[in-house]
Structure formats: structure tokens, C-alpha cells
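Student: One file: target.pdb (PDB, C-alpha atoms and all ligand atoms).
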ATOM      1  CA  MET A   2     -13.523   8.418   9.536
ATOM      2  CA  ASN A   3      -9.952   9.672   9.432
ATOM      3  CA  ARG A   4      -9.587  12.550   7.022
ATOM      4  CA  LEU A   5      -7.552  15.591   6.101
ATOM      5  CA  ILE A   6      -9.118  18.743   4.665
ATOM      6  CA  PHE A   7      -7.252  21.607   3.058
ATOM      7  CA  LEU A   8      -9.096  24.590   4.504
ATOM      8  CA  GLY A   9      -6.901  26.511   2.105
ATOM      9  CA  SER A  10      -4.250  25.662  -0.463
ATOM     10  CA  GLY A  11      -2.387  28.970  -0.704
ATOM     11  CA  GLY A  12       0.756  30.366   0.855
ATOM     12  CA  GLY A  13       2.851  33.499   0.678
ATOM     13  CA  ARG A  14       2.187  37.224   0.493
ATOM     14  CA  HIS A  15       0.295  37.281  -2.784
ATOM     15  CA  MET A  16      -2.178  34.702  -1.491
ATOM     16  CA  ILE A  17      -2.545  36.413   1.890
ATOM     17  CA  ARG A  18      -3.431  39.650   0.130
ATOM     18  CA  THR A  19      -5.743  38.249  -2.538
ATOM     19  CA  GLN A  20      -7.050  34.990  -1.012
ATOM     20  CA  GLU A  21      -7.055  33.710  -4.584
ATOM     21  CA  ARG A  22      -6.125  30.476  -2.824
ATOM     22  CA  LYS A  23      -7.063  30.592   0.834
ATOM     23  CA  THR A  24      -4.199  30.702   3.336
ATOM     24  CA  ALA A  25      -6.176  28.785   5.936
ATOM     25  CA  GLY A  26      -4.050  25.682   6.573
ATOM     26  CA  ILE A  27      -5.039  22.051   7.033
ATOM     27  CA  TYR A  28      -7.601  20.322   9.233
ATOM     28  CA  VAL A  29      -6.975  16.716  10.324
ATOM     29  CA  GLU A  30      -9.204  14.122  11.979
ATOM     30  CA  LEU A  31      -7.126  11.183  13.125
ATOM     31  CA  ASP A  32      -7.804   8.577  15.832
ATOM     32  CA  ASN A  33     -10.659  10.662  17.261
ATOM     33  CA  MET A  34      -8.450  13.739  17.520
ATOM     34  CA  LYS A  35      -9.217  16.928  15.609
ATOM     35  CA  PHE A  36      -6.451  19.374  14.799
ATOM     36  CA  VAL A  37      -5.629  22.293  12.577
ATOM     37  CA  PHE A  38      -2.164  22.726  11.067
ATOM     38  CA  ASP A  39      -0.827  26.221  10.453
ATOM     39  CA  PRO A  40      -4.094  28.170  10.587
ATOM     40  CA  GLY A  41      -3.441  31.330   8.599
ATOM     41  CA  PRO A  42      -5.922  34.072   7.617
ATOM     42  CA  CYS A  43      -9.349  32.567   6.881
ATOM     43  CA  ALA A  44      -8.900  29.348   8.889
ATOM     44  CA  LEU A  45     -11.628  29.934  11.471
ATOM     45  CA  LEU A  46     -14.083  31.346   8.959
ATOM     46  CA  THR A  47     -13.497  28.468   6.532
ATOM     47  CA  ALA A  48     -13.889  25.887   9.295
ATOM     48  CA  LEU A  49     -17.246  27.444  10.192
ATOM     49  CA  GLN A  50     -18.326  27.579   6.543
ATOM     50  CA  LEU A  51     -17.467  23.895   6.141
ATOM     51  CA  LYS A  52     -19.371  23.118   9.375
ATOM     52  CA  LEU A  53     -16.327  21.555  10.977
ATOM     53  CA  GLN A  54     -17.259  22.855  14.437
ATOM     54  CA  PRO A  55     -13.863  24.322  15.351
ATOM     55  CA  GLU A  56     -15.005  24.845  18.946
ATOM     56  CA  LYS A  57     -14.889  21.065  19.318
ATOM     57  CA  TRP A  58     -11.346  20.610  18.029
ATOM     58  CA  ASN A  59      -8.489  19.442  20.249
ATOM     59  CA  GLY A  60      -5.991  22.083  19.225
ATOM     60  CA  ALA A  61      -3.561  23.554  16.758
ATOM     61  CA  PHE A  62      -0.111  22.833  15.334
ATOM     62  CA  VAL A  63       2.004  25.804  14.274
ATOM     63  CA  THR A  64       5.250  25.279  12.338
ATOM     64  CA  HIS A  65       6.401  28.922  12.402
ATOM     65  CA  MET A  66       5.258  32.421  13.059
ATOM     66  CA  HIS A  67       4.775  33.660   9.508
ATOM     67  CA  ILE A  68       1.364  35.208   9.265
ATOM     68  CA  ASP A  69       0.015  32.747   6.659
ATOM     69  CA  HIS A  70       0.738  29.932   9.127
ATOM     70  CA  CYS A  71      -0.409  31.287  12.465
ATOM     71  CA  SER A  72      -2.700  34.318  12.274
ATOM     72  CA  ASP A  73      -5.882  32.420  13.258
ATOM     73  CA  ALA A  74      -4.255  30.196  15.882
ATOM     74  CA  ASN A  75      -5.250  32.405  18.823
ATOM     75  CA  ALA A  76      -8.813  32.716  17.533
ATOM     76  CA  ILE A  77      -9.109  28.935  17.254
ATOM     77  CA  LEU A  78      -7.659  28.351  20.736
ATOM     78  CA  ASP A  79     -10.173  30.912  21.945
ATOM     79  CA  SER A  80     -13.053  29.054  20.301
ATOM     80  CA  ILE A  81     -12.026  25.733  21.829
ATOM     81  CA  SER A  82     -11.605  27.179  25.311
ATOM     82  CA  SER A  83     -14.928  28.991  25.097
ATOM     83  CA  ASN A  84     -16.453  25.532  24.759
ATOM     84  CA  ALA A  85     -14.992  24.692  28.206
ATOM     85  CA  ALA A  86     -12.190  22.481  26.899
ATOM     86  CA  GLN A  87      -8.470  22.999  27.280
ATOM     87  CA  PRO A  88      -6.940  23.303  23.810
ATOM     88  CA  LEU A  89      -3.543  21.914  22.895
ATOM     89  CA  ILE A  90      -0.984  24.061  21.130
ATOM     90  CA  ILE A  91       1.927  22.203  19.575
ATOM     91  CA  ALA A  92       4.206  24.805  18.074
ATOM     92  CA  GLU A  93       7.732  25.649  17.072
ATOM     93  CA  LYS A  94       9.198  26.996  20.302
ATOM     94  CA  HIS A  95       9.677  30.582  19.086
ATOM     95  CA  CYS A  96       5.905  30.787  18.555
ATOM     96  CA  ILE A  97       5.567  30.220  22.283
ATOM     97  CA  GLU A  98       8.574  31.607  24.097
ATOM     98  CA  PRO A  99       9.512  35.268  24.523
ATOM     99  CA  LYS A 100      12.293  36.564  22.303
ATOM    100  CA  ASP A 101      15.838  35.842  23.320
ATOM    101  CA  LYS A 102      17.516  39.178  22.577
ATOM    102  CA  LYS A 103      20.744  37.493  21.477
ATOM    103  CA  GLU A 104      19.032  35.543  18.728
ATOM    104  CA  LYS A 105      19.127  37.119  15.297
ATOM    105  CA  VAL A 106      15.578  36.486  14.143
ATOM    106  CA  ASN A 107      12.709  38.806  13.369
ATOM    107  CA  ASP A 108      10.795  40.599  16.064
ATOM    108  CA  TYR A 109       7.228  39.505  15.650
ATOM    109  CA  TYR A 110       6.940  36.472  17.913
ATOM    110  CA  PRO A 111       5.701  34.774  20.064
ATOM    111  CA  CYS A 112       2.668  34.554  17.842
ATOM    112  CA  ILE A 113       0.616  32.622  20.402
ATOM    113  CA  SER A 114      -0.421  35.218  22.963
ATOM    114  CA  ALA A 115       0.422  34.763  26.640
ATOM    115  CA  TYR A 116      -3.303  34.799  27.355
ATOM    116  CA  HIS A 117      -3.970  31.918  24.966
ATOM    117  CA  GLN A 118      -0.948  29.995  26.185
ATOM    118  CA  ASN A 119      -2.385  30.193  29.700
ATOM    119  CA  LEU A 120      -5.655  28.737  28.451
ATOM    120  CA  SER A 121      -3.894  25.857  26.686
ATOM    121  CA  LYS A 122      -1.729  22.826  27.211
ATOM    122  CA  VAL A 123       1.436  23.973  25.502
ATOM    123  CA  TYR A 124       4.026  21.843  23.702
ATOM    124  CA  PRO A 125       7.015  23.938  22.571
ATOM    125  CA  MET A 126       8.742  21.966  19.788
ATOM    126  CA  GLU A 127      12.117  21.990  18.082
ATOM    127  CA  ALA A 128      13.690  19.674  15.513
ATOM    128  CA  GLY A 129      14.063  16.150  16.843
ATOM    129  CA  LYS A 130      11.610  16.533  19.729
ATOM    130  CA  LYS A 131       8.924  13.890  20.020
ATOM    131  CA  VAL A 132       5.700  14.056  22.045
ATOM    132  CA  LYS A 133       2.739  11.747  22.398
ATOM    133  CA  VAL A 134      -0.832  13.022  22.530
ATOM    134  CA  ASN A 135      -3.307  10.225  23.201
ATOM    135  CA  ASN A 136      -2.412   7.628  20.560
ATOM    136  CA  ILE A 137      -0.684  10.011  18.194
ATOM    137  CA  GLU A 138       3.079  10.422  18.143
ATOM    138  CA  ILE A 139       4.289  13.812  16.961
ATOM    139  CA  THR A 140       7.847  14.496  15.840
ATOM    140  CA  ALA A 141       9.277  17.885  14.937
ATOM    141  CA  VAL A 142      11.539  17.817  11.888
ATOM    142  CA  ARG A 143      14.255  20.247  10.825
ATOM    143  CA  ALA A 144      13.131  22.871   8.322
ATOM    144  CA  ASP A 145      15.371  25.598   6.887
ATOM    145  CA  HIS A 146      13.421  28.795   6.278
ATOM    146  CA  TYR A 147      13.772  32.566   6.843
ATOM    147  CA  ASP A 148      12.847  32.260  10.516
ATOM    148  CA  PRO A 149      12.782  29.356  12.986
ATOM    149  CA  THR A 150      10.543  26.670  11.487
ATOM    150  CA  ILE A 151       9.860  22.958  11.910
ATOM    151  CA  GLY A 152       8.095  20.307   9.899
ATOM    152  CA  PHE A 153       5.932  17.680  11.589
ATOM    153  CA  ILE A 154       5.499  13.948  11.308
ATOM    154  CA  ILE A 155       2.402  12.547  12.969
ATOM    155  CA  LYS A 156       2.069   8.833  13.488
ATOM    156  CA  SER A 157      -1.030   6.932  14.483
ATOM    157  CA  LYS A 158      -1.296   3.146  14.740
ATOM    158  CA  SER A 159      -1.941   2.831  11.029
ATOM    159  CA  LEU A 160      -0.684   6.040   9.398
ATOM    160  CA  LYS A 161       2.380   8.204   9.087
ATOM    161  CA  ILE A 162       1.794  11.704   7.730
ATOM    162  CA  GLY A 163       4.538  14.223   6.978
ATOM    163  CA  PHE A 164       4.237  17.997   6.711
ATOM    164  CA  THR A 165       7.441  19.657   5.539
ATOM    165  CA  SER A 166       6.168  23.202   6.176
ATOM    166  CA  ASP A 167       8.084  26.036   4.515
ATOM    167  CA  SER A 168      11.644  24.863   3.983
ATOM    168  CA  VAL A 169      14.350  24.830   1.411
ATOM    169  CA  TYR A 170      15.504  21.328   0.466
ATOM    170  CA  TYR A 171      18.575  20.272   2.439
ATOM    171  CA  ASN A 172      20.773  17.190   2.146
ATOM    172  CA  GLY A 173      19.191  14.254   3.935
ATOM    173  CA  MET A 174      15.737  15.815   4.294
ATOM    174  CA  GLU A 175      14.190  12.759   2.621
ATOM    175  CA  LYS A 176      15.397  10.478   5.432
ATOM    176  CA  PHE A 177      12.983  12.107   7.878
ATOM    177  CA  TYR A 178       9.969  11.730   5.611
ATOM    178  CA  SER A 179      10.763   8.259   4.244
ATOM    179  CA  GLY A 180       7.929   5.825   4.953
ATOM    180  CA  CYS A 181       5.197   8.465   5.177
ATOM    181  CA  ASP A 182       1.885   7.248   3.778
ATOM    182  CA  LEU A 183       0.935  10.817   2.979
ATOM    183  CA  LEU A 184       3.399  13.656   2.491
ATOM    184  CA  VAL A 185       2.360  17.298   2.251
ATOM    185  CA  VAL A 186       5.132  19.426   0.783
ATOM    186  CA  ASN A 187       4.999  23.208   0.716
ATOM    187  CA  THR A 188       6.374  23.921  -2.739
ATOM    188  CA  ALA A 189       6.734  27.559  -3.738
ATOM    189  CA  ILE A 190       8.868  27.587  -6.889
ATOM    190  CA  PRO A 191       7.801  26.158 -10.266
ATOM    191  CA  MET A 192      10.170  24.309 -12.589
ATOM    192  CA  ALA A 193      10.535  27.097 -15.153
ATOM    193  CA  MET A 194      11.522  29.484 -12.389
ATOM    194  CA  ASP A 195      14.659  27.663 -11.458
ATOM    195  CA  SER A 196      16.630  30.745 -10.496
ATOM    196  CA  PRO A 197      14.205  33.343  -9.216
ATOM    197  CA  SER A 198      15.544  36.510  -7.661
ATOM    198  CA  LYS A 199      17.181  36.198  -4.279
ATOM    199  CA  PRO A 200      16.430  35.607  -1.438
ATOM    200  CA  PHE A 201      13.384  33.618  -2.455
ATOM    201  CA  PRO A 202      14.990  30.318  -3.513
ATOM    202  CA  LYS A 203      17.157  30.097  -0.438
ATOM    203  CA  TYR A 204      14.236  29.486   1.839
ATOM    204  CA  HIS A 205      11.602  27.586  -0.118
ATOM    205  CA  MET A 206      11.238  24.237  -1.817
ATOM    206  CA  GLY A 207      10.973  24.202  -5.606
ATOM    207  CA  ILE A 208       9.600  21.583  -7.972
ATOM    208  CA  LYS A 209      13.168  20.598  -8.822
ATOM    209  CA  ASP A 210      13.952  20.033  -5.127
ATOM    210  CA  LEU A 211      10.801  18.012  -4.641
ATOM    211  CA  ILE A 212      11.909  15.701  -7.449
ATOM    212  CA  THR A 213      15.328  15.316  -5.816
ATOM    213  CA  MET A 214      13.781  14.596  -2.430
ATOM    214  CA  LEU A 215      11.377  11.967  -3.756
ATOM    215  CA  LYS A 216      14.011  10.308  -5.946
ATOM    216  CA  ASN A 217      16.364  10.021  -2.958
ATOM    217  CA  MET A 218      13.669   8.733  -0.629
ATOM    218  CA  GLU A 219      13.955   5.075   0.244
ATOM    219  CA  GLN A 220      10.303   4.420   1.078
ATOM    220  CA  LYS A 221       8.265   6.756  -1.092
ATOM    221  CA  PRO A 222       4.903   8.146   0.026
ATOM    222  CA  LYS A 223       1.692   6.550  -1.230
ATOM    223  CA  LEU A 224       0.463  10.061  -1.942
ATOM    224  CA  THR A 225       2.328  13.367  -2.121
ATOM    225  CA  VAL A 226       0.473  16.680  -2.081
ATOM    226  CA  ILE A 227       2.032  19.892  -3.351
ATOM    227  CA  ASP A 228       0.638  22.519  -1.011
ATOM    228  CA  ARG A 229       0.800  26.186  -0.016
ATOM    229  CA  LEU A 230       0.625  27.268  -3.609
ATOM    230  CA  THR A 231       2.180  30.625  -4.341
ATOM    231  CA  GLY A 232       1.245  33.065  -7.082
ATOM    232  CA  PHE A 233       4.326  31.771  -8.954
ATOM    233  CA  MET A 234       3.070  28.184  -8.823
ATOM    234  CA  VAL A 235      -0.460  28.989  -9.916
ATOM    235  CA  ARG A 236       0.731  31.192 -12.807
ATOM    236  CA  ALA A 237       3.083  28.433 -13.961
ATOM    237  CA  ASN A 238       0.181  26.000 -14.489
ATOM    238  CA  ILE A 239       0.016  23.921 -11.360
ATOM    239  CA  TRP A 240      -1.250  20.801 -13.175
ATOM    240  CA  LYS A 241       1.792  20.899 -15.424
ATOM    241  CA  GLN A 242       4.019  21.159 -12.342
ATOM    242  CA  VAL A 243       2.311  18.096 -10.861
ATOM    243  CA  LYS A 244       2.894  16.146 -14.072
ATOM    244  CA  ILE A 245       6.585  17.107 -14.166
ATOM    245  CA  VAL A 246       7.090  15.641 -10.680
ATOM    246  CA  GLN A 247       4.950  12.606 -11.425
ATOM    247  CA  ASP A 248       6.851  11.790 -14.638
ATOM    248  CA  ALA A 249      10.236  12.252 -12.982
ATOM    249  CA  THR A 250       9.526  10.238  -9.836
ATOM    250  CA  LYS A 251       6.745   7.810 -10.825
ATOM    251  CA  CYS A 252       5.083   8.731  -7.513
ATOM    252  CA  ARG A 253       1.432   9.642  -7.114
ATOM    253  CA  ILE A 254       1.347  13.441  -6.888
ATOM    254  CA  ILE A 255      -1.540  15.879  -6.587
ATOM    255  CA  SER A 256      -1.771  19.567  -5.779
ATOM    256  CA  SER A 257      -3.943  20.889  -2.994
ATOM    257  CA  GLU A 258      -7.229  22.695  -3.634
ATOM    258  CA  ASP A 259      -9.269  24.833  -1.279
ATOM    259  CA  HIS A 260     -11.718  22.581   0.635
ATOM    260  CA  MET A 261     -10.162  19.355  -0.690
ATOM    261  CA  GLU A 262     -10.777  16.324   1.508
ATOM    262  CA  ILE A 263      -8.479  13.299   1.558
ATOM    263  CA  ASP A 264      -9.800  10.045   2.994
ATOM    264  CA  LEU A 265      -6.971   8.895   5.263
ATOM    265  CA  ASP A 266      -8.480   5.418   5.516
ATOM    266  CA  ASP A 267      -8.104   4.943   1.774
ATOM    267  CA  LEU A 268      -5.371   7.022   0.174
ATOM    268  CA  ASN A 269      -6.055   5.415  -3.206
ATOM    269  CA  LYS A 270      -9.434   7.098  -3.332
ATOM    270  CA  ASN A 271      -9.539  10.326  -5.314
ATOM    271  CA  PRO A 272      -9.795  13.397  -3.077
ATOM    272  CA  ARG A 273     -13.037  15.362  -3.261
ATOM    273  CA  ILE A 274     -13.997  18.995  -2.800
ATOM    274  CA  ILE A 275     -16.496  19.572   0.003
ATOM    275  CA  GLY A 276     -18.892  22.386   0.962
ATOM    276  CA  LYS A 277     -20.164  25.217  -1.229
ATOM    277  CA  LEU A 278     -17.214  24.983  -3.633
ATOM    278  CA  ALA A 279     -18.285  21.394  -4.398
ATOM    279  CA  GLU A 280     -21.833  22.567  -5.164
ATOM    280  CA  LYS A 281     -20.421  25.211  -7.511
ATOM    281  CA  GLU A 282     -18.284  22.633  -9.337
ATOM    282  CA  GLU A 283     -21.257  20.290  -9.703
ATOM    283  CA  LYS A 284     -23.319  23.145 -11.158
ATOM    284  CA  ILE A 285     -20.625  23.967 -13.718
ATOM    285  CA  ARG A 286     -20.420  20.287 -14.683
ATOM    286  CA  LEU A 287     -24.190  20.071 -15.253
ATOM    287  CA  GLU A 288     -24.487  23.286 -17.248
TER     288      GLU A 288
HETATM  289 ZN    ZN B 301       7.041  30.900   5.957
END
Do you think you could lay out the structure here as C-alpha cells?
Tutor:
Amino acid sequence: MNRLIFLGSGGGRHMIRTQERKTAGIYVELDNMKFVFDPGPCALLTALQLKLQPEKWNGAFVTHMHIDHCSDANAILDSISSNAAQPLIIAEKHCIEPKDKKEKVNDYYPCISAYHQNLSKVYPMEAGKKVKVNNIEITAVRADHYDPTIGFIIKSKSLKIGFTSDSVYYNGMEKFYSGCDLLVVNTAIPMAMDSPSKPFPKYHMGIKDLITMLKNMEQKPKLTVIDRLTGFMVRANIWKQVKIVQDATKCRIISSEDHMEIDLDDLNKNPRIIGKLAEKEEKIRLE
């Protein structure tokens, strides 16, 4: 089975601090490969709780070195290597390479330790770069964010999946993600909060931008997931935000949930919640 599981659905400082929505990233099983995307705080623990056997994964993708996207990456690489396999790390190049003193970016990278890089097969990525791992083609896509960031497109024989990561909308962004079967868009700003205080809007996608991107997109996704929910998004009624985008674009839109599984072999199927959270939901339904 090919599937994608949201280990967590949260993003940003409020969610890191509270774990109201876990900041654990996304797990993907595709063409017999098992990967985690942007494993933030809680990723390893959640993977263990969901019995996903992280020690048997192939590796990790990291789009940028913000803590909610990378903090568990070393721990996961450690787990894989302790199972006698060489993990893969496919990451925005600043997550990997030592700081170039001339570059004006923050100081806290590389976020993948030298020790864990030595254990791994390392793919430093920047916008436009393409690599092939087994039967999966991986392309890094431009993202405009506070610090160096990339989005990813992964392509198997039958599927194209896009992950925008944290990025403001820029002109032409939709061209990269056109034709994706599934598109995961980190969307931090709700509709009613069109002009939040600076510098927030300069670096993140809002609901309004998502509508623009989807409207401009030639080949629209079969399914779009609003992900990395911020405190702003949750407070603004996330289901209402989904409906606003759906009504404006006529696309199929959902928002991510902690432990939500998407069947990649049948994107028309409704996603389901797995693990203990699913048991809790079932109990509430029966009571
Ligand atoms: Zn970020």
C-alpha cells in the first residue's frame, strides 16, 4: 500500500510550545520506500506510537532548518543506522553544509549533525535540483521563507506529490506544482487575517494566496491538503478556511489532522485517523 500519514498537523512557535497540533511532519510510503518529511518535535515518538517502525525507514527529507521541520531528523537517522542500514538524508543544502560567513542568514545550521551526515547518504538540495532514489524522482522547488528553504516534488511511476513547505506565494509558483495528484500546502494565515503584523505575511502562505495559486494552476491537484496549521489558522475555524478555498477554486480541499492517513492508491477515498486517536474518536461517536 502507498500511503501518507500526517504524524502531526501543526507548525510554528505556538504549536511547538503547546503541541496542540503536533509538529511532527509527514510520513510517506511510496514504491516500497519509507520516508519522513520535515520531522519536527514529536516525530520519532509519534512514529513509535503509531507502530510505524522508524528504524526500518529509508530516510528523511528536510526542507529547512526551522526547528518545527528538523528537530527529530538526527534522532531518526540515528534509529535507522542503529538497525544497520545507511539512511538517506535529502535536505536543503544549508541543513547540511557549514555556514558560509558571507551569507546573511541565521546562525543555527547545519541542523543535520556532522556525525549523522557521516552515517548517511547525503543529498544536498537547492531549487531546481533533481535526484533519483530507486524509482522515485525528487525535485527541489523554490520556496521564499525567512531562511533558505525548498519545497519538494516527488514522482513515482503513478503519482506526483507536491510539498510547498513554508513559503510565501510568489508569481509562477503554481507552474511547479501543476499536475500534482496530491498537493500539501503549508498555509499559516487565515482569510480574515489578511494583513497580520509584519514580518509574518512576508514569509508564509495565506488562504488568499492558496486560492490564487490554485486558480492560476493549469492542472489542478486531485486533492489539496492545508497543512502545518498555526494557532492563527486553528483559532480562525479551520473548517471554514477549507470551505472558503473549496468554494473559490472548486478543488477538493481538506486540512491535515494529527495521525491522518491518506491512501495514495485511491485519493478519492476519505482519509482516516489511525492509532489511539482513532480509538478515542470512535469512543466519542458511540457515547
Ligand atoms: Zn519555517
Student: Using all atoms of range 11-26 of chain A listed in the file and a margin of 5 Å per side, can you give the axis-aligned box centre and edge lengths in Å to one decimal, as AutoDock Vina command-line options?
Tutor:
--center_x -2.1 --center_y 32.7 --center_z 1.0 --size_x 19.9 --size_y 24.0 --size_z 21.2
Student: Show me which residues line ligand ZN 301 (chain B), defined as having an atom within 8 Å of a ligand atom where all atoms listed in the file count, and present them as an mmCIF file with C-alpha atoms, in the coordinates of the input.
Tutor:
data_model
loop_
_atom_site.group_PDB
_atom_site.id
_atom_site.type_symbol
_atom_site.label_atom_id
_atom_site.label_comp_id
_atom_site.auth_asym_id
_atom_site.auth_seq_id
_atom_site.Cartn_x
_atom_site.Cartn_y
_atom_site.Cartn_z
ATOM 1 C CA GLY A 13 2.851 33.499 0.678
ATOM 2 C CA HIS A 65 6.401 28.922 12.402
ATOM 3 C CA MET A 66 5.258 32.421 13.059
ATOM 4 C CA HIS A 67 4.775 33.660 9.508
ATOM 5 C CA ILE A 68 1.364 35.208 9.265
ATOM 6 C CA ASP A 69 0.015 32.747 6.659
ATOM 7 C CA HIS A 70 0.738 29.932 9.127
ATOM 8 C CA HIS A 146 13.421 28.795 6.278
ATOM 9 C CA TYR A 147 13.772 32.566 6.843
ATOM 10 C CA ASP A 148 12.847 32.260 10.516
ATOM 11 C CA THR A 150 10.543 26.670 11.487
ATOM 12 C CA SER A 166 6.168 23.202 6.176
ATOM 13 C CA ASP A 167 8.084 26.036 4.515
ATOM 14 C CA SER A 168 11.644 24.863 3.983
#
Student: Could you pull the residues within 6 Å of range 185-196 of chain A, counting all atoms listed in the file, minus those fewer than 2 positions along the same chain, as an mmCIF file with C-alpha atoms, keeping the file's coordinate frame?
Tutor:
data_model
loop_
_atom_site.group_PDB
_atom_site.id
_atom_site.type_symbol
_atom_site.label_atom_id
_atom_site.label_comp_id
_atom_site.auth_asym_id
_atom_site.auth_seq_id
_atom_site.Cartn_x
_atom_site.Cartn_y
_atom_site.Cartn_z
ATOM 1 C CA PHE A 164 4.237 17.997 6.711
ATOM 2 C CA THR A 165 7.441 19.657 5.539
ATOM 3 C CA SER A 166 6.168 23.202 6.176
ATOM 4 C CA ASP A 167 8.084 26.036 4.515
ATOM 5 C CA MET A 206 11.238 24.237 -1.817
ATOM 6 C CA GLY A 207 10.973 24.202 -5.606
ATOM 7 C CA ILE A 208 9.600 21.583 -7.972
ATOM 8 C CA THR A 225 2.328 13.367 -2.121
ATOM 9 C CA VAL A 226 0.473 16.680 -2.081
ATOM 10 C CA ILE A 227 2.032 19.892 -3.351
ATOM 11 C CA ASP A 228 0.638 22.519 -1.011
ATOM 12 C CA ARG A 229 0.800 26.186 -0.016
ATOM 13 C CA THR A 231 2.180 30.625 -4.341
ATOM 14 C CA MET A 234 3.070 28.184 -8.823
#
Student: Care to translate the PyMOL selection byres (((chain A and resi 17) around 12) and not hetatm) into actual residues of this file, as an NGL selection string?
Tutor: :A and (9-16 or 18-26 or 41-44 or 67-72 or 229-232)
Student: One number please: CA of Lys223 in chain A to CA of Ala249 in chain A, in Å, one decimal.
Tutor: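 Separation between CA of Lys223 in chain A and CA of Ala249 in chain A: 15.6 Å.
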Student: Here's the selection I'm unsure about, the PyMOL selection byres (((chain A and resi 268) around 12) and not hetatm); applied to the file above, which residues does it give, as a VMD selection string?
Tutor: chain A and resid 3 to 5 160 to 162 181 to 184 222 to 226 253 to 255 262 to 267 269 to 273
Student: Would you translate the PyMOL selection byres (((chain A and resi 250) around 7) and not hetatm) into the concrete set of residues it matches in this file, as a PDB file with C-alpha atoms, in the coordinates of the input?
Tutor:
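Final file, out_0.pdb:
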ATOM      1  CA  ILE A 212      11.909  15.701  -7.449  1.00  0.00           C
ATOM      2  CA  LEU A 215      11.377  11.967  -3.756  1.00  0.00           C
ATOM      3  CA  LYS A 216      14.011  10.308  -5.946  1.00  0.00           C
ATOM      4  CA  VAL A 246       7.090  15.641 -10.680  1.00  0.00           C
ATOM      5  CA  GLN A 247       4.950  12.606 -11.425  1.00  0.00           C
ATOM      6  CA  ASP A 248       6.851  11.790 -14.638  1.00  0.00           C
ATOM      7  CA  ALA A 249      10.236  12.252 -12.982  1.00  0.00           C
ATOM      8  CA  LYS A 251       6.745   7.810 -10.825  1.00  0.00           C
ATOM      9  CA  CYS A 252       5.083   8.731  -7.513  1.00  0.00           C
TER      10      CYS A 252
END
Student: Between A:Pro40, A:Pro55, A:Pro149, A:Gly60, single out the one closest to Tyr204 in chain A, counting all atoms listed in the file.
Tutor: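 Once distances to Tyr204 in chain A are computed over all atoms listed in the file, the minimum belongs to A:Pro149.
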Student: Write out as a PDB file with C-alpha atoms, in the frame of the given file the residues lying within 7 Å of range 32-35 of chain A, counting only C-alpha atoms and excluding same-chain residues fewer than 2 positions away.
Tutor:
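Contents of the output file result.pdb:
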ATOM      1  CA  ASN A   3      -9.952   9.672   9.432  1.00  0.00           C
ATOM      2  CA  VAL A  29      -6.975  16.716  10.324  1.00  0.00           C
ATOM      3  CA  GLU A  30      -9.204  14.122  11.979  1.00  0.00           C
ATOM      4  CA  TRP A  58     -11.346  20.610  18.029  1.00  0.00           C
ATOM      5  CA  ASN A  59      -8.489  19.442  20.249  1.00  0.00           C
TER       6      ASN A  59
END
Student: Considering only C-alpha atoms, can you say which of A:Lys158, A:Arg143, A:Lys209, A:His260 comes closest to Thr47 in chain A?
Tutor: A:His260
Student: Tell me, in Å to one decimal, how far CA of Ala144 in chain A is from CA of Leu31 in chain A.
Tutor: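 Atom-to-atom, CA of Ala144 in chain A to CA of Leu31 in chain A, that is 23.9 Å.
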Student: Mind giving me the straight-line distance from CA of Ile91 in chain A to CA of Ser256 in chain A in Å, one decimal?
Tutor: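 Computing it gives 25.8 Å between the two atoms.
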Student: Could you tell me which of A:Ala48, A:Ile81, A:Ile113, A:Val134 comes closest to Phe7 in chain A if we count all atoms listed in the file?
Tutor: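 That would be A:Ala48, the residue with the smallest distance to Phe7 in chain A.
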Student: Between A:Leu78, A:Met261, A:Ala141, A:Ala85, which one has atoms that come closest to Ala115 in chain A, using only C-alpha atoms?
Tutor: A:Leu78
